[in-house]
Amino acid sequence: MSSFFLAIRLALRNVAAHAIKNLVVGVILCFGTIVVVSGSALLNSLDVAMRRSITTSVTGDLQVYDKTARDQLSMLGDMNFGGSDNGEIPDYKVVKDALAGTPEVAEVLPMGIGNATVFGANDIDRTLEDLRAAVRSGDTARQTTLVERLQRICTDIRPELDRVEAITNDKEKLTEDRANLDRVIAPAFAAEFTTDPMGTIDWMDGHIASLATDGRLAYFRLLGTDLPAFARTFPRFEITKGGPVPEGERGIVLNESMVEQWLKHPIAREFDWFQKEFTQNGGAIGTSGTVFDRVARMSRQYRRILYQLDSEEAAVLTPLLQAEVGSQETDLVALLKSFLTVTDENFAQRKAFFYAQIAPKIRLYDINVGDTLPLRAFTKSGYLKSLNLKVYGVYRYKGVTNDDSAAGAYCLVDMPSFRDLYGKMTDDQRAELADIKSSVGAKEVDPSASIEDQLFGGGGAVETTVSEITTLENLDSMTFGRVEDRVQHTFTQDQIENGLATNVAVILKDPAQGKAGLTAVQAALDKAGLNLQVIDWRAASGLVGQAATVVQLVLFVAVGVLFLVAMVIINNALVMATLERTSEIGTMRAVGAQRGFVTLMFVLETMFVGVGSGVVGVGIAAALISWLHGVGIPAGNDFLSILFGGKAMYPVMEAFDVALGLGLVTLVSTIATIYPAVLASSVPPVVALQGKE
Amino acid sequence: MPAIVELNNVVKEYPLGKLVVTALHDVSIAITKGEFTAIAGPSGSGKTTILNMIGCMDVPTTGTVKIDGTLTNNLDDHALTTLRLNRIGFIFQSFNLVNVLDVRQNVEFPLLLQGKLSSKDRKLRVEEMVEKVGLTKQMTQRPNELSGGQRQRVAIARALVTNPAIVLADEPTANLDSTTGHAIIELMRDLNANDHTTFIFSTHDPKVMERATRLIMVADGKVV
């Protein structure tokens, strides 16, 4: 034992005696420890933040889906851009019942993932719609301002046709369009309108509306679910505008970030985007690049404002714009173009003016709470279905705002509506289809007989068929694929639960026991004979989860390289030290030190440097993490905000991080010492007789 | 009196590339306890090789080496090291002290390796030895703070602290001026006289040879 303490004493003395060498080694190891400890703390904090962010907003702890699915379920984005085949669960209730007796499970929730689009109306469509309402309500003053707005739009479109002339072959159509526009622009049009308002609106619908730019196509990522249960289960879910869909009713709640990204007025979005570029990326308009190009394009988008202003609003806005742009120009188009010419200097002022003066006068969002949304979706069998759903509210996940990640892109719909858009018929719809089949005399085609004969020949007189078709006048009201006229507007909890889902979210009683929960849920599903698979939240989060794994991998590789370099340096330093100390080692061997003693002395020496550097490194890392915990690491961009579970991450250091750092640095320094220590212990004692002091 | 060191027909050969160099040719030496023996001869004559054999730092190619009754030929490294630790003390031409340790710790070094004495006994033994070599005042100084003669005194104290049967000294005065060298030889001689410790040292200094009680002359790897 005394020789062990002697080795410790010698090792400590040697550490001090070779201070420069050990300082170099120590700095490298210290840096490595800082990277490991703070990296581990950051990754663990990221993991916790991600888990909290993702599991409490959309995925739950586990996700169950079809084992025969072609693609892996990725709720937060994948490489299939929403076109993944995640299979289907024919009856959610069976899954719920199968998991009812699993003690690890706290809650299960049906989910259906799908896509839908909404074609927005153009500005003439909207104005005509408003005009119809004004006519119906007998509001003549409103009618006058809307007619004036239409005249202003037509006046603005008119010169466009001159440019069209150069490229079109259909001169006849062009002449007709010009005549139609001239008719609306003419001062007599106002009087003409009053003689037959509805007839004139219908005429404009058919002849003028198509001349304006098409309305925008909005893309919706839908998540069908049991909405009240979803709100209860996911604590980060919060309604920010409007309210929840009433229990048992159909409806949709839009995601805040989706609304901001897809449904906001284009000019407002441009201002928001510039602001984000300037603040987040420190950018400026400059003289080239994306920001410059988009700024240059903005002044050409004046119509987006102009077409939404009626005459009173235009009159109010004109002097304000004159003051803003510093011009006496009276033409609103010129003023708007000038206003939308943004520079680095006037950007903040223009943005503030837009939101204060213009935004209240225009439709800031294409779709608002209370609107009915004409959703269109391709069913699994490939035909188009549409469904009108009322927008009840706008939601977001607490702490995750303004992100455009896939997590924030889901708009939530009730389960029956999802099934309608997905292409699944309810029992009522099936019964109705059977009635229709019966009434038109539809028959199943027997594939074993001649299909052609069954479809086009064989028995049955043609005249009879024609007379049968004439009985189907009500087919118009059954617009193919349009389901809202047949939809059942309310539904029961049983109807939510009995039916198709694409996936099921499982909330565990103890989220920390994810693996055990996954095993238990899979076992329960297997026991029930269901061909379903279970994945954890990380796998279910798709690209986001994988991105975190990539970050981890990068850190591990960086640490690996750092420690490899450290090992090489330690090894070389110790080999040099061994060579320098050959005489001393030989003397020790000569006077009776065993090989093991020499090895121990070298290993201890490096270990002390390693542990000392490790402790210093842990201290620095602790201070760093503590500081970051105080100030927070800003998410900076939208992707990071979902990883961080908010605008910033506040990392914490745990005992595991310290143990990992100290363990790794000790391991690395010990491994690096093996060769030099063996080399040292091989020094023969006879060297002592040859050595020079 | 039985021999404490016995070399019988020792031959030592070293490979040198494709050649084999014979350093010792059939050397037989017997040294009895308490002798103050000088092994003398010109450089390259085989003095150090003989000391290596006696000091258990090397084994003969043929022949036998017996130290204090133990045949060393078939001992492994561990056993040879243990034999050196317990039975042999070393004094080197270049002093060979451990630079990171002070005088006390250098002297204590073999005792700590042995692990036989208690801390208290070890302390007493070290102080006794340091006093014998006259370095009590330098107890806490490091080797680089001492003169050559003082360093060699520390080496002598370290060699004797374990009460070895034999003390081997390789050219102990070679790096010292004549006065200091003489003083060191006299110190060794006194210790030999008082404690009856067997001293075997190599030298080619006639003045040192004069102080030996026995002189073994070596030339071309043979005792002459």
# chains A, B, ... in the order shown; residues from 1 in each chain; ligands from 1

$ interface_residues --of "chain B" --to "chain A" --cutoff "9 Å" --atoms "only C-alpha atoms" --output "PyMOL selection string"
chain B and resi 48+52+55-58+77-78+80-86+88-90+92-101+109-116+158-159+170

$ select_by_dssp --residues "region 288-411 of chain A" --states "strand (DSSP E or B)" --output "PDB file with all heavy atoms, in the first residue's frame"
ATOM      1  N   TYR A 365     -57.098  38.810 -43.517  1.00  0.00           N
ATOM      2  CA  TYR A 365     -56.984  37.348 -43.671  1.00  0.00           C
ATOM      3  C   TYR A 365     -58.035  36.868 -44.656  1.00  0.00           C
ATOM      4  O   TYR A 365     -59.183  37.326 -44.613  1.00  0.00           O
ATOM      5  CB  TYR A 365     -57.192  36.646 -42.321  1.00  0.00           C
ATOM      6  CG  TYR A 365     -56.083  36.936 -41.337  1.00  0.00           C
ATOM      7  CD1 TYR A 365     -56.217  37.948 -40.394  1.00  0.00           C
ATOM      8  CD2 TYR A 365     -54.899  36.220 -41.386  1.00  0.00           C
ATOM      9  CE1 TYR A 365     -55.197  38.247 -39.514  1.00  0.00           C
ATOM     10  CE2 TYR A 365     -53.870  36.511 -40.496  1.00  0.00           C
ATOM     11  CZ  TYR A 365     -54.018  37.521 -39.566  1.00  0.00           C
ATOM     12  OH  TYR A 365     -52.998  37.803 -38.702  1.00  0.00           O
ATOM     13  N   THR A 372     -67.192  30.021 -43.525  1.00  0.00           N
ATOM     14  CA  THR A 372     -67.325  28.603 -43.870  1.00  0.00           C
ATOM     15  C   THR A 372     -66.282  28.290 -44.933  1.00  0.00           C
ATOM     16  O   THR A 372     -66.153  29.000 -45.929  1.00  0.00           O
ATOM     17  CB  THR A 372     -68.735  28.312 -44.386  1.00  0.00           C
ATOM     18  OG1 THR A 372     -69.641  28.564 -43.311  1.00  0.00           O
ATOM     19  CG2 THR A 372     -68.867  26.866 -44.807  1.00  0.00           C
ATOM     20  N   LEU A 373     -65.561  27.255 -44.675  1.00  0.00           N
ATOM     21  CA  LEU A 373     -64.404  26.934 -45.507  1.00  0.00           C
ATOM     22  C   LEU A 373     -64.768  25.835 -46.509  1.00  0.00           C
ATOM     23  O   LEU A 373     -65.162  24.738 -46.114  1.00  0.00           O
ATOM     24  CB  LEU A 373     -63.308  26.425 -44.566  1.00  0.00           C
ATOM     25  CG  LEU A 373     -61.856  26.656 -44.918  1.00  0.00           C
ATOM     26  CD1 LEU A 373     -61.592  28.114 -45.196  1.00  0.00           C
ATOM     27  CD2 LEU A 373     -60.979  26.165 -43.782  1.00  0.00           C
ATOM     28  N   PRO A 374     -64.680  26.106 -47.812  1.00  0.00           N
ATOM     29  CA  PRO A 374     -64.979  25.045 -48.779  1.00  0.00           C
ATOM     30  C   PRO A 374     -63.753  24.154 -49.015  1.00  0.00           C
ATOM     31  O   PRO A 374     -62.945  24.402 -49.903  1.00  0.00           O
ATOM     32  CB  PRO A 374     -65.355  25.824 -50.039  1.00  0.00           C
ATOM     33  CG  PRO A 374     -64.629  27.110 -49.929  1.00  0.00           C
ATOM     34  CD  PRO A 374     -64.351  27.378 -48.475  1.00  0.00           C
ATOM     35  N   LEU A 375     -63.620  23.150 -48.176  1.00  0.00           N
ATOM     36  CA  LEU A 375     -62.441  22.280 -48.264  1.00  0.00           C
ATOM     37  C   LEU A 375     -62.619  21.270 -49.386  1.00  0.00           C
ATOM     38  O   LEU A 375     -63.705  20.705 -49.568  1.00  0.00           O
ATOM     39  CB  LEU A 375     -62.248  21.522 -46.953  1.00  0.00           C
ATOM     40  CG  LEU A 375     -61.798  22.335 -45.749  1.00  0.00           C
ATOM     41  CD1 LEU A 375     -61.964  21.527 -44.479  1.00  0.00           C
ATOM     42  CD2 LEU A 375     -60.348  22.755 -45.915  1.00  0.00           C
ATOM     43  N   ARG A 376     -61.553  21.033 -50.120  1.00  0.00           N
ATOM     44  CA  ARG A 376     -61.582  20.008 -51.168  1.00  0.00           C
ATOM     45  C   ARG A 376     -60.413  19.074 -50.926  1.00  0.00           C
ATOM     46  O   ARG A 376     -59.303  19.521 -50.652  1.00  0.00           O
ATOM     47  CB  ARG A 376     -61.432  20.650 -52.548  1.00  0.00           C
ATOM     48  CG  ARG A 376     -62.641  21.475 -52.988  1.00  0.00           C
ATOM     49  CD  ARG A 376     -62.214  22.625 -53.869  1.00  0.00           C
ATOM     50  NE  ARG A 376     -61.573  22.153 -55.085  1.00  0.00           N
ATOM     51  CZ  ARG A 376     -62.231  21.901 -56.228  1.00  0.00           C
ATOM     52  NH1 ARG A 376     -63.528  22.074 -56.294  1.00  0.00           N
ATOM     53  NH2 ARG A 376     -61.587  21.484 -57.293  1.00  0.00           N
ATOM     54  N   ALA A 377     -60.709  17.787 -51.031  1.00  0.00           N
ATOM     55  CA  ALA A 377     -59.631  16.818 -50.766  1.00  0.00           C
ATOM     56  C   ALA A 377     -59.767  15.641 -51.710  1.00  0.00           C
ATOM     57  O   ALA A 377     -60.883  15.263 -52.097  1.00  0.00           O
ATOM     58  CB  ALA A 377     -59.719  16.339 -49.325  1.00  0.00           C
ATOM     59  N   PHE A 378     -58.633  15.094 -52.070  1.00  0.00           N
ATOM     60  CA  PHE A 378     -58.642  13.862 -52.859  1.00  0.00           C
ATOM     61  C   PHE A 378     -58.744  12.690 -51.899  1.00  0.00           C
ATOM     62  O   PHE A 378     -57.966  12.584 -50.956  1.00  0.00           O
ATOM     63  CB  PHE A 378     -57.386  13.750 -53.717  1.00  0.00           C
ATOM     64  CG  PHE A 378     -57.474  14.568 -54.957  1.00  0.00           C
ATOM     65  CD1 PHE A 378     -56.885  15.823 -55.021  1.00  0.00           C
ATOM     66  CD2 PHE A 378     -58.177  14.098 -56.056  1.00  0.00           C
ATOM     67  CE1 PHE A 378     -56.983  16.594 -56.166  1.00  0.00           C
ATOM     68  CE2 PHE A 378     -58.272  14.868 -57.206  1.00  0.00           C
ATOM     69  CZ  PHE A 378     -57.682  16.118 -57.266  1.00  0.00           C
ATOM     70  N   LEU A 384     -62.356  13.452 -56.047  1.00  0.00           N
ATOM     71  CA  LEU A 384     -62.349  14.684 -55.267  1.00  0.00           C
ATOM     72  C   LEU A 384     -63.597  14.782 -54.405  1.00  0.00           C
ATOM     73  O   LEU A 384     -64.701  14.518 -54.856  1.00  0.00           O
ATOM     74  CB  LEU A 384     -62.307  15.858 -56.247  1.00  0.00           C
ATOM     75  CG  LEU A 384     -61.843  17.196 -55.690  1.00  0.00           C
ATOM     76  CD1 LEU A 384     -60.421  17.126 -55.199  1.00  0.00           C
ATOM     77  CD2 LEU A 384     -61.964  18.262 -56.773  1.00  0.00           C
ATOM     78  N   LYS A 385     -63.387  15.152 -53.170  1.00  0.00           N
ATOM     79  CA  LYS A 385     -64.518  15.367 -52.276  1.00  0.00           C
ATOM     80  C   LYS A 385     -64.427  16.779 -51.746  1.00  0.00           C
ATOM     81  O   LYS A 385     -63.343  17.312 -51.548  1.00  0.00           O
ATOM     82  CB  LYS A 385     -64.436  14.402 -51.087  1.00  0.00           C
ATOM     83  CG  LYS A 385     -64.979  13.040 -51.373  1.00  0.00           C
ATOM     84  CD  LYS A 385     -65.724  12.539 -50.185  1.00  0.00           C
ATOM     85  CE  LYS A 385     -66.535  11.312 -50.533  1.00  0.00           C
ATOM     86  NZ  LYS A 385     -67.395  10.908 -49.453  1.00  0.00           N
ATOM     87  N   SER A 386     -65.563  17.389 -51.531  1.00  0.00           N
ATOM     88  CA  SER A 386     -65.495  18.705 -50.908  1.00  0.00           C
ATOM     89  C   SER A 386     -66.464  18.770 -49.740  1.00  0.00           C
ATOM     90  O   SER A 386     -67.433  18.012 -49.685  1.00  0.00           O
ATOM     91  CB  SER A 386     -65.790  19.798 -51.930  1.00  0.00           C
ATOM     92  OG  SER A 386     -67.113  19.684 -52.380  1.00  0.00           O
ATOM     93  N   LEU A 387     -66.141  19.625 -48.840  1.00  0.00           N
ATOM     94  CA  LEU A 387     -66.934  19.706 -47.617  1.00  0.00           C
ATOM     95  C   LEU A 387     -66.812  21.122 -47.065  1.00  0.00           C
ATOM     96  O   LEU A 387     -65.708  21.647 -46.952  1.00  0.00           O
ATOM     97  CB  LEU A 387     -66.361  18.703 -46.600  1.00  0.00           C
ATOM     98  CG  LEU A 387     -67.036  18.644 -45.241  1.00  0.00           C
ATOM     99  CD1 LEU A 387     -68.443  18.089 -45.360  1.00  0.00           C
ATOM    100  CD2 LEU A 387     -66.225  17.760 -44.294  1.00  0.00           C
ATOM    101  N   ASN A 388     -67.952  21.716 -46.762  1.00  0.00           N
ATOM    102  CA  ASN A 388     -67.908  23.050 -46.156  1.00  0.00           C
ATOM    103  C   ASN A 388     -67.855  22.911 -44.645  1.00  0.00           C
ATOM    104  O   ASN A 388     -68.702  22.253 -44.047  1.00  0.00           O
ATOM    105  CB  ASN A 388     -69.158  23.841 -46.549  1.00  0.00           C
ATOM    106  CG  ASN A 388     -69.101  24.269 -48.001  1.00  0.00           C
ATOM    107  OD1 ASN A 388     -68.052  24.162 -48.638  1.00  0.00           O
ATOM    108  ND2 ASN A 388     -70.212  24.737 -48.535  1.00  0.00           N
ATOM    109  N   LEU A 389     -66.858  23.517 -44.055  1.00  0.00           N
ATOM    110  CA  LEU A 389     -66.728  23.425 -42.599  1.00  0.00           C
ATOM    111  C   LEU A 389     -66.601  24.827 -42.012  1.00  0.00           C
ATOM    112  O   LEU A 389     -65.850  25.663 -42.541  1.00  0.00           O
ATOM    113  CB  LEU A 389     -65.477  22.625 -42.220  1.00  0.00           C
ATOM    114  CG  LEU A 389     -65.590  21.116 -42.187  1.00  0.00           C
ATOM    115  CD1 LEU A 389     -64.286  20.538 -41.680  1.00  0.00           C
ATOM    116  CD2 LEU A 389     -66.736  20.644 -41.303  1.00  0.00           C
ATOM    117  N   LYS A 390     -67.319  25.048 -40.948  1.00  0.00           N
ATOM    118  CA  LYS A 390     -67.260  26.361 -40.312  1.00  0.00           C
ATOM    119  C   LYS A 390     -65.955  26.498 -39.515  1.00  0.00           C
ATOM    120  O   LYS A 390     -65.546  25.560 -38.818  1.00  0.00           O
ATOM    121  CB  LYS A 390     -68.459  26.531 -39.376  1.00  0.00           C
ATOM    122  CG  LYS A 390     -68.549  27.925 -38.785  1.00  0.00           C
ATOM    123  CD  LYS A 390     -69.764  28.090 -37.903  1.00  0.00           C
ATOM    124  CE  LYS A 390     -69.719  29.462 -37.234  1.00  0.00           C
ATOM    125  NZ  LYS A 390     -70.802  29.636 -36.276  1.00  0.00           N
ATOM    126  N   VAL A 391     -65.345  27.662 -39.648  1.00  0.00           N
ATOM    127  CA  VAL A 391     -64.128  27.934 -38.867  1.00  0.00           C
ATOM    128  C   VAL A 391     -64.568  28.476 -37.508  1.00  0.00           C
ATOM    129  O   VAL A 391     -65.175  29.535 -37.420  1.00  0.00           O
ATOM    130  CB  VAL A 391     -63.231  28.976 -39.577  1.00  0.00           C
ATOM    131  CG1 VAL A 391     -62.007  29.277 -38.723  1.00  0.00           C
ATOM    132  CG2 VAL A 391     -62.826  28.486 -40.947  1.00  0.00           C
ATOM    133  N   TYR A 392     -64.285  27.701 -36.471  1.00  0.00           N
ATOM    134  CA  TYR A 392     -64.697  28.138 -35.140  1.00  0.00           C
ATOM    135  C   TYR A 392     -63.612  28.940 -34.426  1.00  0.00           C
ATOM    136  O   TYR A 392     -63.912  29.789 -33.603  1.00  0.00           O
ATOM    137  CB  TYR A 392     -65.087  26.926 -34.276  1.00  0.00           C
ATOM    138  CG  TYR A 392     -66.508  26.477 -34.542  1.00  0.00           C
ATOM    139  CD1 TYR A 392     -66.776  25.513 -35.490  1.00  0.00           C
ATOM    140  CD2 TYR A 392     -67.581  27.045 -33.848  1.00  0.00           C
ATOM    141  CE1 TYR A 392     -68.070  25.114 -35.753  1.00  0.00           C
ATOM    142  CE2 TYR A 392     -68.882  26.654 -34.110  1.00  0.00           C
ATOM    143  CZ  TYR A 392     -69.136  25.689 -35.058  1.00  0.00           C
ATOM    144  OH  TYR A 392     -70.401  25.314 -35.312  1.00  0.00           O
ATOM    145  N   GLY A 393     -62.386  28.623 -34.743  1.00  0.00           N
ATOM    146  CA  GLY A 393     -61.343  29.335 -34.002  1.00  0.00           C
ATOM    147  C   GLY A 393     -59.967  29.150 -34.618  1.00  0.00           C
ATOM    148  O   GLY A 393     -59.792  28.469 -35.628  1.00  0.00           O
ATOM    149  N   VAL A 394     -59.024  29.805 -33.993  1.00  0.00           N
ATOM    150  CA  VAL A 394     -57.614  29.688 -34.378  1.00  0.00           C
ATOM    151  C   VAL A 394     -56.876  29.241 -33.122  1.00  0.00           C
ATOM    152  O   VAL A 394     -57.161  29.719 -32.022  1.00  0.00           O
ATOM    153  CB  VAL A 394     -57.049  31.035 -34.870  1.00  0.00           C
ATOM    154  CG1 VAL A 394     -55.569  30.939 -35.167  1.00  0.00           C
ATOM    155  CG2 VAL A 394     -57.805  31.509 -36.105  1.00  0.00           C
ATOM    156  N   TYR A 395     -55.949  28.294 -33.289  1.00  0.00           N
ATOM    157  CA  TYR A 395     -55.245  27.795 -32.117  1.00  0.00           C
ATOM    158  C   TYR A 395     -53.733  27.859 -32.334  1.00  0.00           C
ATOM    159  O   TYR A 395     -53.260  28.042 -33.451  1.00  0.00           O
ATOM    160  CB  TYR A 395     -55.654  26.348 -31.800  1.00  0.00           C
ATOM    161  CG  TYR A 395     -54.925  25.323 -32.623  1.00  0.00           C
ATOM    162  CD1 TYR A 395     -53.785  24.677 -32.123  1.00  0.00           C
ATOM    163  CD2 TYR A 395     -55.323  25.001 -33.916  1.00  0.00           C
ATOM    164  CE1 TYR A 395     -53.101  23.755 -32.877  1.00  0.00           C
ATOM    165  CE2 TYR A 395     -54.637  24.074 -34.681  1.00  0.00           C
ATOM    166  CZ  TYR A 395     -53.527  23.449 -34.157  1.00  0.00           C
ATOM    167  OH  TYR A 395     -52.845  22.542 -34.912  1.00  0.00           O
ATOM    168  N   ARG A 396     -53.046  27.695 -31.243  1.00  0.00           N
ATOM    169  CA  ARG A 396     -51.590  27.543 -31.325  1.00  0.00           C
ATOM    170  C   ARG A 396     -51.164  26.644 -30.175  1.00  0.00           C
ATOM    171  O   ARG A 396     -51.969  26.290 -29.308  1.00  0.00           O
ATOM    172  CB  ARG A 396     -50.892  28.895 -31.212  1.00  0.00           C
ATOM    173  CG  ARG A 396     -51.027  29.509 -29.842  1.00  0.00           C
ATOM    174  CD  ARG A 396     -50.218  30.777 -29.715  1.00  0.00           C
ATOM    175  NE  ARG A 396     -50.474  31.421 -28.445  1.00  0.00           N
ATOM    176  CZ  ARG A 396     -50.054  32.625 -28.137  1.00  0.00           C
ATOM    177  NH1 ARG A 396     -49.370  33.326 -29.009  1.00  0.00           N
ATOM    178  NH2 ARG A 396     -50.320  33.142 -26.959  1.00  0.00           N
ATOM    179  N   TYR A 397     -49.911  26.275 -30.182  1.00  0.00           N
ATOM    180  CA  TYR A 397     -49.360  25.532 -29.054  1.00  0.00           C
ATOM    181  C   TYR A 397     -48.601  26.525 -28.180  1.00  0.00           C
ATOM    182  O   TYR A 397     -47.751  27.261 -28.690  1.00  0.00           O
ATOM    183  CB  TYR A 397     -48.423  24.421 -29.531  1.00  0.00           C
ATOM    184  CG  TYR A 397     -49.148  23.370 -30.320  1.00  0.00           C
ATOM    185  CD1 TYR A 397     -48.890  23.179 -31.670  1.00  0.00           C
ATOM    186  CD2 TYR A 397     -50.109  22.581 -29.713  1.00  0.00           C
ATOM    187  CE1 TYR A 397     -49.579  22.227 -32.396  1.00  0.00           C
ATOM    188  CE2 TYR A 397     -50.792  21.630 -30.436  1.00  0.00           C
ATOM    189  CZ  TYR A 397     -50.529  21.454 -31.771  1.00  0.00           C
ATOM    190  OH  TYR A 397     -51.220  20.520 -32.481  1.00  0.00           O
ATOM    191  N   VAL A 400     -44.913  27.783 -28.518  1.00  0.00           N
ATOM    192  CA  VAL A 400     -44.419  27.597 -29.889  1.00  0.00           C
ATOM    193  C   VAL A 400     -45.254  28.503 -30.764  1.00  0.00           C
ATOM    194  O   VAL A 400     -46.397  28.206 -31.066  1.00  0.00           O
ATOM    195  CB  VAL A 400     -44.587  26.142 -30.363  1.00  0.00           C
ATOM    196  CG1 VAL A 400     -43.992  25.965 -31.747  1.00  0.00           C
ATOM    197  CG2 VAL A 400     -43.957  25.197 -29.380  1.00  0.00           C
ATOM    198  N   TYR A 410     -50.959  21.690 -38.767  1.00  0.00           N
ATOM    199  CA  TYR A 410     -52.219  20.945 -38.748  1.00  0.00           C
ATOM    200  C   TYR A 410     -53.389  21.850 -38.397  1.00  0.00           C
ATOM    201  O   TYR A 410     -53.346  22.572 -37.403  1.00  0.00           O
ATOM    202  CB  TYR A 410     -52.159  19.823 -37.712  1.00  0.00           C
ATOM    203  CG  TYR A 410     -51.362  18.625 -38.164  1.00  0.00           C
ATOM    204  CD1 TYR A 410     -50.200  18.254 -37.500  1.00  0.00           C
ATOM    205  CD2 TYR A 410     -51.791  17.851 -39.233  1.00  0.00           C
ATOM    206  CE1 TYR A 410     -49.462  17.159 -37.899  1.00  0.00           C
ATOM    207  CE2 TYR A 410     -51.063  16.741 -39.641  1.00  0.00           C
ATOM    208  CZ  TYR A 410     -49.900  16.407 -38.974  1.00  0.00           C
ATOM    209  OH  TYR A 410     -49.177  15.315 -39.376  1.00  0.00           O
ATOM    210  N   CYS A 411     -54.440  21.753 -39.201  1.00  0.00           N
ATOM    211  CA  CYS A 411     -55.705  22.351 -38.818  1.00  0.00           C
ATOM    212  C   CYS A 411     -56.560  21.199 -38.295  1.00  0.00           C
ATOM    213  O   CYS A 411     -56.581  20.110 -38.884  1.00  0.00           O
ATOM    214  CB  CYS A 411     -56.374  23.005 -40.021  1.00  0.00           C
ATOM    215  SG  CYS A 411     -55.464  24.466 -40.544  1.00  0.00           S
TER     216      CYS A 411
END

$ closest_residue --among "A:Tyr355, A:Phe556, A:Trp537, A:Tyr675" --to "Gly32 (chain A)" --atoms "only C-alpha atoms"
A:Phe556

$ select_by_dssp --residues "region 70-106 of chain B" --states "alpha helix (DSSP H)" --output "compact mmCIF listing (two decimals) with N, CA and C atoms, in the first residue's frame"
# COMPACT_ATOMS: atom_id res chain seq x y z
N ASP B 77 11.74 -11.35 -13.90
CA ASP B 77 11.98 -9.93 -13.65
C ASP B 77 11.49 -9.52 -12.26
N HIS B 78 10.32 -10.04 -11.89
CA HIS B 78 9.74 -9.67 -10.60
C HIS B 78 10.62 -10.11 -9.45
N ALA B 79 11.11 -11.37 -9.57
CA ALA B 79 11.94 -11.92 -8.49
C ALA B 79 13.29 -11.20 -8.43
N LEU B 80 13.86 -10.89 -9.58
CA LEU B 80 15.13 -10.16 -9.61
C LEU B 80 14.97 -8.78 -8.99
N THR B 81 13.82 -8.13 -9.31
CA THR B 81 13.56 -6.80 -8.76
C THR B 81 13.43 -6.87 -7.24
N THR B 82 12.73 -7.90 -6.78
CA THR B 82 12.56 -8.06 -5.32
C THR B 82 13.90 -8.30 -4.65
N LEU B 83 14.73 -9.10 -5.31
CA LEU B 83 16.07 -9.38 -4.77
C LEU B 83 16.90 -8.09 -4.68
N ARG B 84 16.80 -7.27 -5.74
CA ARG B 84 17.54 -6.00 -5.73
C ARG B 84 17.03 -5.11 -4.60
N LEU B 85 15.71 -5.08 -4.45
CA LEU B 85 15.12 -4.19 -3.45
C LEU B 85 15.57 -4.56 -2.03
N ASN B 86 15.62 -5.86 -1.76
CA ASN B 86 15.87 -6.30 -0.38
C ASN B 86 17.33 -6.59 -0.06
N ARG B 87 18.13 -6.92 -1.07
CA ARG B 87 19.48 -7.40 -0.76
C ARG B 87 20.59 -6.51 -1.29
N VAL B 103 15.50 15.26 -0.30
CA VAL B 103 16.50 14.34 0.25
C VAL B 103 15.81 13.23 1.07
N ARG B 104 14.92 13.63 1.95
CA ARG B 104 14.24 12.64 2.80
C ARG B 104 13.49 11.62 1.93
N GLN B 105 12.77 12.13 0.97
CA GLN B 105 11.93 11.25 0.15
C GLN B 105 12.76 10.32 -0.73
N ASN B 106 13.90 10.84 -1.23
CA ASN B 106 14.79 9.99 -2.03
C ASN B 106 15.31 8.83 -1.20

$ atom_distance --atom1 "CA of Leu76 (chain A)" --atom2 "CA of Gln261 (chain A)"
16.9 Å

$ residues_around --residues "Ala648 (chain A)" --least-positions-apart "2" --cutoff "9 Å" --atoms "only C-alpha atoms" --output "VMD selection string"
chain A and resid 399 631 to 636 640 to 641 644 to 646 650

$ residues_around --residues "Leu160 (chain B)" --least-positions-apart "5" --cutoff "10 Å" --atoms "only C-alpha atoms" --output "NGL selection string"
:B and (88-91 or 107 or 110 or 126 or 129 or 154-155 or 165-167 or 191 or 195 or 197)

$ closest_residue --among "B:His204, B:Ser147, B:Ile54, B:Asn163" --to "Asp177 (chain B)" --atoms "only C-alpha atoms"
B:Ser147

$ closest_residue --among "B:Ala193, B:Asn175, B:Lys33, B:Thr61" --to "Thr49 (chain B)" --atoms "only C-alpha atoms"
B:Thr61
